[in-house]
file run_4.csv (CSV, C-alpha atoms and all ligand atoms)
chain,number,residue,atom,x,y,z
Y,1,MET,CA,73.2,106.5,102.0
Y,2,PRO,CA,75.9,106.0,99.3
Y,3,GLY,CA,75.2,109.4,97.6
Y,4,GLY,CA,75.8,111.1,101.0
Y,5,ARG,CA,79.1,109.3,101.4
Y,6,THR,CA,80.5,110.2,98.0
Y,7,ALA,CA,79.6,113.9,98.7
Y,8,GLN,CA,81.4,113.6,102.0
Y,9,VAL,CA,84.5,112.1,100.3
Y,10,ALA,CA,84.5,114.9,97.6
Y,11,ALA,CA,84.0,117.7,100.1
Y,12,ALA,CA,86.8,116.5,102.4
Y,13,ALA,CA,89.2,116.1,99.4
Y,14,ARG,CA,88.5,119.6,98.2
Y,15,ALA,CA,89.0,121.0,101.7
Y,16,MET,CA,92.3,119.1,102.1
Y,17,HIS,CA,93.6,120.7,98.9
Y,18,ALA,CA,92.1,124.2,99.6
Y,19,GLU,CA,93.8,124.2,103.1
Y,20,GLY,CA,97.2,123.4,101.6
Y,21,LEU,CA,97.5,119.9,103.1
Y,22,VAL,CA,98.5,118.6,99.6
Y,23,SER,CA,99.5,120.2,96.4
Y,24,GLY,CA,98.5,119.3,92.8
Y,25,ALA,CA,96.6,116.1,92.7
Y,26,ALA,CA,98.5,114.4,95.5
Y,27,GLY,CA,96.8,112.8,98.5
Y,28,ASN,CA,93.5,110.9,98.6
Y,29,VAL,CA,90.3,110.5,100.6
Y,30,SER,CA,88.1,107.4,101.1
Y,31,ALA,CA,85.1,106.2,103.0
Y,32,ARG,CA,84.1,102.6,103.8
Y,33,GLY,CA,81.3,101.3,101.6
Y,34,GLY,CA,79.1,98.3,102.1
Y,35,GLY,CA,80.2,94.7,101.6
Y,36,GLY,CA,84.0,95.0,101.3
Y,37,ALA,CA,83.9,98.1,99.1
Y,38,MET,CA,85.3,101.6,99.6
Y,39,LEU,CA,84.6,104.9,97.9
Y,40,ILE,CA,87.8,106.7,97.0
Y,41,THR,CA,88.9,109.8,95.1
Y,42,PRO,CA,90.1,109.3,91.5
Y,43,THR,CA,93.7,109.7,90.4
Y,44,ARG,CA,94.7,112.9,88.5
Y,45,THR,CA,91.4,114.8,88.8
Y,46,PRO,CA,92.2,118.4,89.9
Y,47,TYR,CA,90.6,118.9,93.3
Y,48,PRO,CA,88.8,122.2,92.5
Y,49,GLU,CA,86.9,120.3,89.8
Y,50,LEU,CA,86.2,117.2,91.9
Y,51,THR,CA,82.5,116.4,92.3
Y,52,PRO,CA,80.8,113.4,94.0
Y,53,ALA,CA,80.3,111.9,90.5
Y,54,HIS,CA,84.2,111.5,90.3
Y,55,VAL,CA,84.4,109.3,93.4
Y,56,VAL,CA,85.1,105.7,92.4
Y,57,THR,CA,83.8,102.6,94.2
Y,58,VAL,CA,86.5,99.8,94.4
Y,59,THR,CA,87.3,96.7,96.4
Y,60,PHE,CA,89.9,96.8,99.2
Y,61,THR,CA,92.5,95.7,96.6
Y,62,GLY,CA,91.5,98.5,94.2
Y,63,ASP,CA,89.5,96.6,91.6
Y,64,PRO,CA,86.8,98.8,90.2
Y,65,ILE,CA,83.1,98.2,91.1
Y,66,GLU,CA,81.5,101.5,90.1
Y,67,GLY,CA,82.5,104.8,88.5
Y,68,GLU,CA,84.4,105.8,85.4
Y,69,GLY,CA,87.6,107.4,86.8
Y,70,LEU,CA,90.8,105.5,87.7
Y,71,PRO,CA,90.9,104.9,91.5
Y,72,SER,CA,93.7,106.5,93.5
Y,73,SER,CA,97.0,104.8,93.2
Y,74,GLU,CA,97.0,104.5,97.0
Y,75,SER,CA,93.9,102.3,97.0
Y,76,LEU,CA,95.9,99.4,98.5
Y,77,LEU,CA,96.9,101.5,101.4
Y,78,HIS,CA,93.3,102.5,102.1
Y,79,GLY,CA,92.0,98.9,101.6
Y,80,ALA,CA,94.6,97.4,104.0
Y,81,ILE,CA,93.5,99.8,106.8
Y,82,TYR,CA,89.8,99.0,106.3
Y,83,ALA,CA,90.6,95.3,106.4
Y,84,ALA,CA,92.7,95.6,109.5
Y,85,ARG,CA,90.5,98.1,111.4
Y,86,PRO,CA,86.8,97.4,111.4
Y,87,ASP,CA,86.2,100.6,113.4
Y,88,VAL,CA,87.6,102.8,110.7
Y,89,ARG,CA,84.9,104.5,108.5
Y,90,ALA,CA,87.1,107.0,106.5
Y,91,ILE,CA,90.7,107.6,105.6
Y,92,VAL,CA,92.7,110.7,104.6
Y,93,HIS,CA,96.2,110.5,103.1
Y,94,ALA,CA,97.9,113.9,102.7
Y,95,HIS,CA,101.3,115.6,102.5
Y,96,PRO,CA,101.2,118.4,105.1
Y,97,ILE,CA,104.5,120.3,105.4
Y,98,TYR,CA,105.4,119.9,109.1
Y,99,ALA,CA,104.3,116.3,109.5
Y,100,SER,CA,106.1,115.4,106.2
Y,101,ALA,CA,109.2,117.1,107.5
Y,102,LEU,CA,109.1,114.7,110.5
Y,103,ALA,CA,108.3,111.8,108.1
Y,104,ALA,CA,111.5,112.8,106.2
Y,105,ARG,CA,113.5,112.7,109.4
Y,106,ARG,CA,111.7,109.4,110.2
Y,107,GLU,CA,111.0,110.9,113.6
Y,108,PRO,CA,107.7,110.0,115.4
Y,109,ILE,CA,105.7,112.6,117.3
Y,110,PRO,CA,105.9,111.2,120.9
Y,111,ALA,CA,102.8,111.5,123.2
Y,112,PHE,CA,103.5,115.0,124.4
Y,113,MET,CA,100.2,116.9,124.2
Y,114,ASP,CA,96.9,116.1,126.0
Y,115,GLU,CA,94.7,116.5,122.9
Y,116,GLN,CA,97.0,114.2,121.0
Y,117,VAL,CA,96.5,111.2,123.2
Y,118,ILE,CA,92.8,111.8,123.7
Y,119,HIS,CA,92.0,112.2,119.9
Y,120,LEU,CA,94.8,110.2,118.2
Y,121,GLY,CA,95.4,107.5,120.8
Y,122,GLY,CA,99.0,108.2,121.6
Y,123,ALA,CA,102.3,108.7,119.7
Y,124,VAL,CA,102.2,109.2,115.9
Y,125,GLU,CA,104.6,106.5,114.7
Y,126,VAL,CA,106.6,106.4,111.5
Y,127,SER,CA,106.0,103.4,109.2
Y,128,ALA,CA,109.1,101.7,107.7
Y,129,TYR,CA,109.9,103.1,104.3
Y,130,ALA,CA,108.4,101.5,101.2
Y,131,PRO,CA,107.7,103.0,97.7
Y,132,ALA,CA,104.4,104.8,97.1
Y,133,ALA,CA,101.5,102.6,96.0
Y,134,SER,CA,103.2,99.4,97.0
Y,135,ASP,CA,101.9,96.4,99.0
Y,136,ALA,CA,104.7,96.9,101.4
Y,137,LEU,CA,103.7,100.6,102.0
Y,138,ALA,CA,100.2,99.4,102.9
Y,139,ALA,CA,101.4,96.6,105.3
Y,140,ASN,CA,104.0,98.9,107.0
Y,141,ALA,CA,101.4,101.7,107.5
Y,142,VAL,CA,98.9,99.2,109.1
Y,143,ARG,CA,101.6,98.0,111.4
Y,144,ALA,CA,102.7,101.5,112.5
Y,145,LEU,CA,99.1,102.8,112.8
Y,146,GLY,CA,98.1,100.0,115.3
Y,147,GLN,CA,94.8,101.1,117.0
Y,148,ARG,CA,95.6,104.8,116.8
Y,149,ARG,CA,94.2,107.4,114.4
Y,150,ALA,CA,97.3,108.8,112.7
Y,151,VAL,CA,100.6,107.6,111.3
Y,152,LEU,CA,103.5,109.1,109.3
Y,153,LEU,CA,104.7,107.4,106.1
Y,154,ALA,CA,108.5,107.6,106.0
Y,155,ASN,CA,109.7,110.2,103.4
Y,156,HIS,CA,106.1,110.7,102.2
Y,157,GLY,CA,103.3,112.1,104.3
Y,158,THR,CA,100.4,111.3,106.7
Y,159,VAL,CA,97.5,108.9,107.0
Y,160,THR,CA,94.7,109.6,109.4
Y,161,VAL,CA,91.4,107.7,110.1
Y,162,GLY,CA,88.0,108.6,111.5
Y,163,SER,CA,84.3,108.0,111.7
Y,164,ASP,CA,83.6,109.9,108.5
Y,165,PRO,CA,85.7,111.9,105.9
Y,166,ALA,CA,85.3,115.2,107.8
Y,167,ASP,CA,86.5,113.5,111.0
Y,168,ALA,CA,89.5,111.8,109.3
Y,169,LEU,CA,90.4,115.3,107.8
Y,170,GLU,CA,90.2,116.8,111.2
Y,171,MET,CA,92.7,114.2,112.4
Y,172,THR,CA,95.0,115.3,109.6
Y,173,ARG,CA,94.7,118.9,110.7
Y,174,LEU,CA,95.4,117.9,114.3
Y,175,THR,CA,98.5,115.8,113.2
Y,176,GLU,CA,99.9,118.7,111.3
Y,177,ARG,CA,99.3,121.0,114.2
Y,178,LEU,CA,101.0,118.6,116.6
Y,179,ALA,CA,104.0,118.3,114.2
Y,180,ARG,CA,104.3,122.1,114.1
Y,181,ILE,CA,104.2,122.3,117.9
Y,182,TRP,CA,106.7,119.4,118.3
Y,183,ILE,CA,109.2,120.9,115.9
Y,184,ILE,CA,108.9,124.3,117.6
Y,185,ALA,CA,109.0,122.9,121.1
Y,186,SER,CA,111.9,120.5,120.5
Y,187,SER,CA,114.1,123.2,118.9
Y,188,GLY,CA,116.5,124.6,121.4
Y,189,ALA,CA,114.9,123.7,124.8
Y,190,SER,CA,113.7,120.1,124.8
Y,191,ALA,CA,109.9,119.6,125.3
Y,192,ARG,CA,108.8,117.3,128.1
Y,193,ARG,CA,106.7,114.2,127.6
Y,194,LEU,CA,103.4,113.7,129.4
Y,195,PRO,CA,103.8,111.9,132.7
Y,196,ASP,CA,103.3,108.1,132.1
Y,197,ASP,CA,100.3,107.8,134.4
Y,198,VAL,CA,98.5,110.8,132.7
Y,199,ALA,CA,99.2,109.3,129.2
Y,200,ALA,CA,97.8,105.9,130.4
Y,201,ALA,CA,94.7,107.5,131.8
Y,202,GLU,CA,94.1,109.5,128.6
Y,203,THR,CA,94.6,106.4,126.5
Y,204,GLU,CA,91.9,104.7,128.6
Y,205,LEU,CA,89.6,107.7,127.8
Y,206,TYR,CA,90.4,107.4,124.1
Y,207,LEU,CA,89.6,103.6,124.1
Y,208,MET,CA,86.3,104.2,126.0
Y,209,ARG,CA,85.2,106.8,123.5
Y,210,GLN,CA,86.2,104.5,120.6
Y,211,GLN,CA,84.2,101.7,122.1
Y,212,ALA,CA,81.2,104.0,122.7
Y,213,GLU,CA,81.3,105.3,119.1
Y,214,HIS,CA,81.3,101.8,117.6
Y,215,ALA,CA,79.1,100.0,120.1
H,1,ZN,ZN,101.0,110.5,98.9
call {"tool": "encode", "arguments": {"input": "run_4.csv", "output": "structure tokens", "more": "lines below"}}
Ligand SMILES: [Zn+2]
result
Amino acid sequence: MPGGRTAQVAAAARAMHAEGLVSGAAGNVSARGGGGAMLITPTRTPYPELTPAHVVTVTFTGDPIEGEGLPSSESLLHGAIYAARPDVRAIVHAHPIYASALAARREPIPAFMDEQVIHLGGAVEVSAYAPAASDALAANAVRALGQRRAVLLANHGTVTVGSDPADALEMTRLTERLARIWIIASSGASARRLPDDVAAAETELYLMRQQAEHA
């Protein structure tokens, strides 16, 4: 029900801020609505004050349908992902410290941990740089995300997707955790990648679970 989804969006957004995955009013959370609509956090509302009533319903191109607030400036980014990925039900965009550090280096997180491939679908790639809130940013992010569940935006932050806002937020936590491990593991001694056959088998498992969830 729509009321439930707006509450889920608001709860994930407050948790994202409370956990330090963004500062100020940065970042945004959305859920897919019915009929080409999405429910997205408003721009400039302080997260501790955010309630389900602040969540705005807009089209995939950010045109308002319902709600009084101004939709997030990154509505195009969210809409482009929903349009390209019918399986995606929710999206979280955040600025976590370690993942953003890799985004600033424009360094992907290669497939190097088992839980990464199983939950995220493989490497976390970096999208080509484009200014915040631009059409190009949205197109580049869709391309770099592919069929996986996380992507780094060059010099900016992260985007993760999931089956609901809580799941998409969990993928942000996992991406930040992997970024921390990658930075630690690759400083000094170099970390080893998963064997190719193991990564391929885990990718199969990921795709099977994805199909089962959206059957
Ligand atoms: Zn941002």
call {"tool": "residues_around", "arguments": {"input": "run_4.csv", "residues": "Y:Val56", "least_positions_apart": "5", "cutoff": "7 Å", "atoms": "all atoms listed in the file", "output": "ChimeraX atom specification"}}
result
/Y:39-42,66-67,69,71
call {"tool": "closest_atom_pairs", "arguments": {"input": "run_4.csv", "of": "chain Y", "to": "ligand ZN 1 (chain H)", "cutoff": "10 Å", "atoms": "all atoms listed in the file", "output": "CSV"}}
result
residue,atom,partner,partner_atom,distance
Y:Val22,CA,H:ZN1,ZN,8.5
Y:Ala25,CA,H:ZN1,ZN,9.4
Y:Ala26,CA,H:ZN1,ZN,5.7
Y:Gly27,CA,H:ZN1,ZN,4.8
Y:Asn28,CA,H:ZN1,ZN,7.5
Y:Ser72,CA,H:ZN1,ZN,9.9
Y:Ser73,CA,H:ZN1,ZN,9.0
Y:Glu74,CA,H:ZN1,ZN,7.5
Y:His93,CA,H:ZN1,ZN,6.4
Y:Ala94,CA,H:ZN1,ZN,6.0
Y:His95,CA,H:ZN1,ZN,6.2
Y:Ala132,CA,H:ZN1,ZN,6.9
Y:Ala133,CA,H:ZN1,ZN,8.4
Y:Leu153,CA,H:ZN1,ZN,8.7
Y:Asn155,CA,H:ZN1,ZN,9.8
Y:His156,CA,H:ZN1,ZN,6.1
Y:Gly157,CA,H:ZN1,ZN,6.1
Y:Thr158,CA,H:ZN1,ZN,7.9
Y:Val159,CA,H:ZN1,ZN,9.0
call {"tool": "atom_distance", "arguments": {"input": "run_4.csv", "atom1": "atom CA of Y:Glu170", "atom2": "atom CA of Y:Thr6"}}
result
17.7 Å
call {"tool": "residues_near_point", "arguments": {"input": "run_4.csv", "point": "(88.4, 98.0, 96.0)", "cutoff": "9 Å", "atoms": "all atoms listed in the file", "output": "PyMOL selection string"}}
result
chain Y and resi 36-40+57-65+71+75-76+79
call {"tool": "residues_around", "arguments": {"input": "run_4.csv", "residues": "Y:Arg143", "least_positions_apart": "2", "cutoff": "10 Å", "atoms": "all atoms listed in the file", "output": "PDB file with C-alpha atoms, in the frame of the given file"}}
result
ATOM      1  CA  ILE Y  81      93.500  99.800 106.800  1.00  0.00           C
ATOM      2  CA  ALA Y  84      92.700  95.600 109.500  1.00  0.00           C
ATOM      3  CA  GLU Y 125     104.600 106.500 114.700  1.00  0.00           C
ATOM      4  CA  VAL Y 126     106.600 106.400 111.500  1.00  0.00           C
ATOM      5  CA  SER Y 127     106.000 103.400 109.200  1.00  0.00           C
ATOM      6  CA  ALA Y 128     109.100 101.700 107.700  1.00  0.00           C
ATOM      7  CA  LEU Y 137     103.700 100.600 102.000  1.00  0.00           C
ATOM      8  CA  ALA Y 138     100.200  99.400 102.900  1.00  0.00           C
ATOM      9  CA  ALA Y 139     101.400  96.600 105.300  1.00  0.00           C
ATOM     10  CA  ASN Y 140     104.000  98.900 107.000  1.00  0.00           C
ATOM     11  CA  ALA Y 141     101.400 101.700 107.500  1.00  0.00           C
ATOM     12  CA  LEU Y 145      99.100 102.800 112.800  1.00  0.00           C
ATOM     13  CA  GLY Y 146      98.100 100.000 115.300  1.00  0.00           C
ATOM     14  CA  GLN Y 147      94.800 101.100 117.000  1.00  0.00           C
ATOM     15  CA  VAL Y 151     100.600 107.600 111.300  1.00  0.00           C
TER      16      VAL Y 151
END
call {"tool": "atom_distance", "arguments": {"input": "run_4.csv", "atom1": "atom CA of Y:Val124", "atom2": "atom CA of Y:Ala103"}}
result
10.2 Å
call {"tool": "closest_residue", "arguments": {"input": "run_4.csv", "among": "Y:Ile91, Y:Phe112, Y:Arg85, Y:Gly33", "to": "Y:Asp164", "atoms": "all atoms listed in the file"}}
result
Y:Ile91
call {"tool": "closest_residue", "arguments": {"input": "run_4.csv", "among": "Y:Ala53, Y:Pro165, Y:Thr160, Y:Ser186", "to": "Y:Glu107", "atoms": "only C-alpha atoms"}}
result
Y:Ser186
call {"tool": "atom_distance", "arguments": {"input": "run_4.csv", "atom1": "atom CA of Y:Glu19", "atom2": "atom CA of Y:Ala179"}}
result
16.2 Å
call {"tool": "residues_around", "arguments": {"input": "run_4.csv", "residues": "stretch 7-11 of chain Y", "least_positions_apart": "3", "cutoff": "8 Å", "atoms": "only C-alpha atoms", "output": "list in words"}}
result
Gly3, Gly4, Arg14, Ala15, Val29, Ser30, Ala31, Leu39, Ile40, Thr41, Leu50, Thr51, Pro52, Val55, Asp164, Pro165 and Ala166 of chain Y
call {"tool": "residues_around", "arguments": {"input": "run_4.csv", "residues": "Y:Leu194", "least_positions_apart": "5", "cutoff": "7 Å", "atoms": "only C-alpha atoms", "output": "list in words"}}
result
Ala111, Phe112, Met113 and Ala199 of chain Y
call {"tool": "closest_residue", "arguments": {"input": "run_4.csv", "among": "Y:Ala154, Y:Leu205, Y:Leu178, Y:Leu169", "to": "Y:Ala130", "atoms": "all atoms listed in the file"}}
result
Y:Ala154
call {"tool": "closest_residue", "arguments": {"input": "run_4.csv", "among": "Y:His54, Y:Arg209, Y:Arg105, Y:His119", "to": "Y:Ala13", "atoms": "only C-alpha atoms"}}
result
Y:His54
call {"tool": "closest_residue", "arguments": {"input": "run_4.csv", "among": "Y:Ala12, Y:Gln116, Y:Gly24, Y:Arg32", "to": "Y:Thr45", "atoms": "all atoms listed in the file"}}
result
Y:Gly24
call {"tool": "residues_around", "arguments": {"input": "run_4.csv", "residues": "Y:Ser163", "least_positions_apart": "6", "cutoff": "10 Å", "atoms": "all atoms listed in the file", "output": "PyMOL selection string"}}
result
chain Y and resi 31-32+87-91+210+213-214
call {"tool": "closest_residue", "arguments": {"input": "run_4.csv", "among": "Y:Arg149, Y:Val92, Y:Gly162, Y:Arg106", "to": "Y:Leu21", "atoms": "all atoms listed in the file"}}
result
Y:Val92
call {"tool": "build_atoms", "arguments": {"input": "run_4.csv", "residues": "stretch 165-187 of chain Y", "atoms": "N, CA and C atoms", "output": "short mmCIF file (atom, residue, chain, number, x, y, z; two decimals), keeping the file's coordinate frame"}}
result
data_model
loop_
_atom_site.label_atom_id
_atom_site.label_comp_id
_atom_site.auth_asym_id
_atom_site.auth_seq_id
_atom_site.Cartn_x
_atom_site.Cartn_y
_atom_site.Cartn_z
N PRO Y 165 84.58 111.12 106.54
CA PRO Y 165 85.70 111.90 105.90
C PRO Y 165 86.02 113.17 106.60
N ALA Y 166 85.02 113.89 107.11
CA ALA Y 166 85.30 115.20 107.80
C ALA Y 166 86.10 114.91 109.07
N ASP Y 167 85.77 113.84 109.78
CA ASP Y 167 86.50 113.50 111.00
C ASP Y 167 87.92 113.08 110.70
N ALA Y 168 88.11 112.27 109.67
CA ALA Y 168 89.50 111.80 109.30
C ALA Y 168 90.30 113.06 108.86
N LEU Y 169 89.66 114.02 108.17
CA LEU Y 169 90.40 115.30 107.80
C LEU Y 169 90.75 116.06 109.01
N GLU Y 170 89.85 116.12 109.99
CA GLU Y 170 90.20 116.80 111.20
C GLU Y 170 91.37 116.21 111.92
N MET Y 171 91.51 114.90 111.84
CA MET Y 171 92.70 114.20 112.40
C MET Y 171 93.96 114.58 111.68
N THR Y 172 93.84 114.83 110.35
CA THR Y 172 95.00 115.30 109.60
C THR Y 172 95.41 116.69 110.07
N ARG Y 173 94.41 117.57 110.23
CA ARG Y 173 94.70 118.90 110.70
C ARG Y 173 95.38 118.86 112.09
N LEU Y 174 94.88 117.99 112.96
CA LEU Y 174 95.40 117.90 114.30
C LEU Y 174 96.88 117.34 114.24
N THR Y 175 97.11 116.34 113.38
CA THR Y 175 98.50 115.80 113.20
C THR Y 175 99.44 116.84 112.75
N GLU Y 176 99.02 117.64 111.78
CA GLU Y 176 99.90 118.70 111.30
C GLU Y 176 100.14 119.75 112.34
N ARG Y 177 99.12 120.07 113.11
CA ARG Y 177 99.30 121.00 114.20
C ARG Y 177 100.26 120.53 115.25
N LEU Y 178 100.12 119.24 115.60
CA LEU Y 178 101.00 118.60 116.60
C LEU Y 178 102.46 118.61 116.06
N ALA Y 179 102.61 118.32 114.76
CA ALA Y 179 104.00 118.30 114.20
C ALA Y 179 104.59 119.67 114.25
N ARG Y 180 103.81 120.71 113.99
CA ARG Y 180 104.30 122.10 114.10
C ARG Y 180 104.76 122.38 115.51
N ILE Y 181 103.89 122.03 116.48
CA ILE Y 181 104.20 122.30 117.90
C ILE Y 181 105.45 121.51 118.31
N TRP Y 182 105.52 120.24 117.90
CA TRP Y 182 106.70 119.40 118.30
C TRP Y 182 107.96 119.96 117.74
N ILE Y 183 107.95 120.39 116.48
CA ILE Y 183 109.20 120.90 115.90
C ILE Y 183 109.59 122.22 116.60
N ILE Y 184 108.61 123.07 116.91
CA ILE Y 184 108.90 124.30 117.60
C ILE Y 184 109.40 124.02 119.04
N ALA Y 185 108.66 123.14 119.73
CA ALA Y 185 109.00 122.90 121.10
C ALA Y 185 110.29 122.15 121.31
N SER Y 186 110.68 121.35 120.31
CA SER Y 186 111.90 120.50 120.50
C SER Y 186 113.11 121.22 119.85
N SER Y 187 112.95 122.45 119.35
CA SER Y 187 114.10 123.20 118.90
C SER Y 187 114.66 124.02 120.00
#
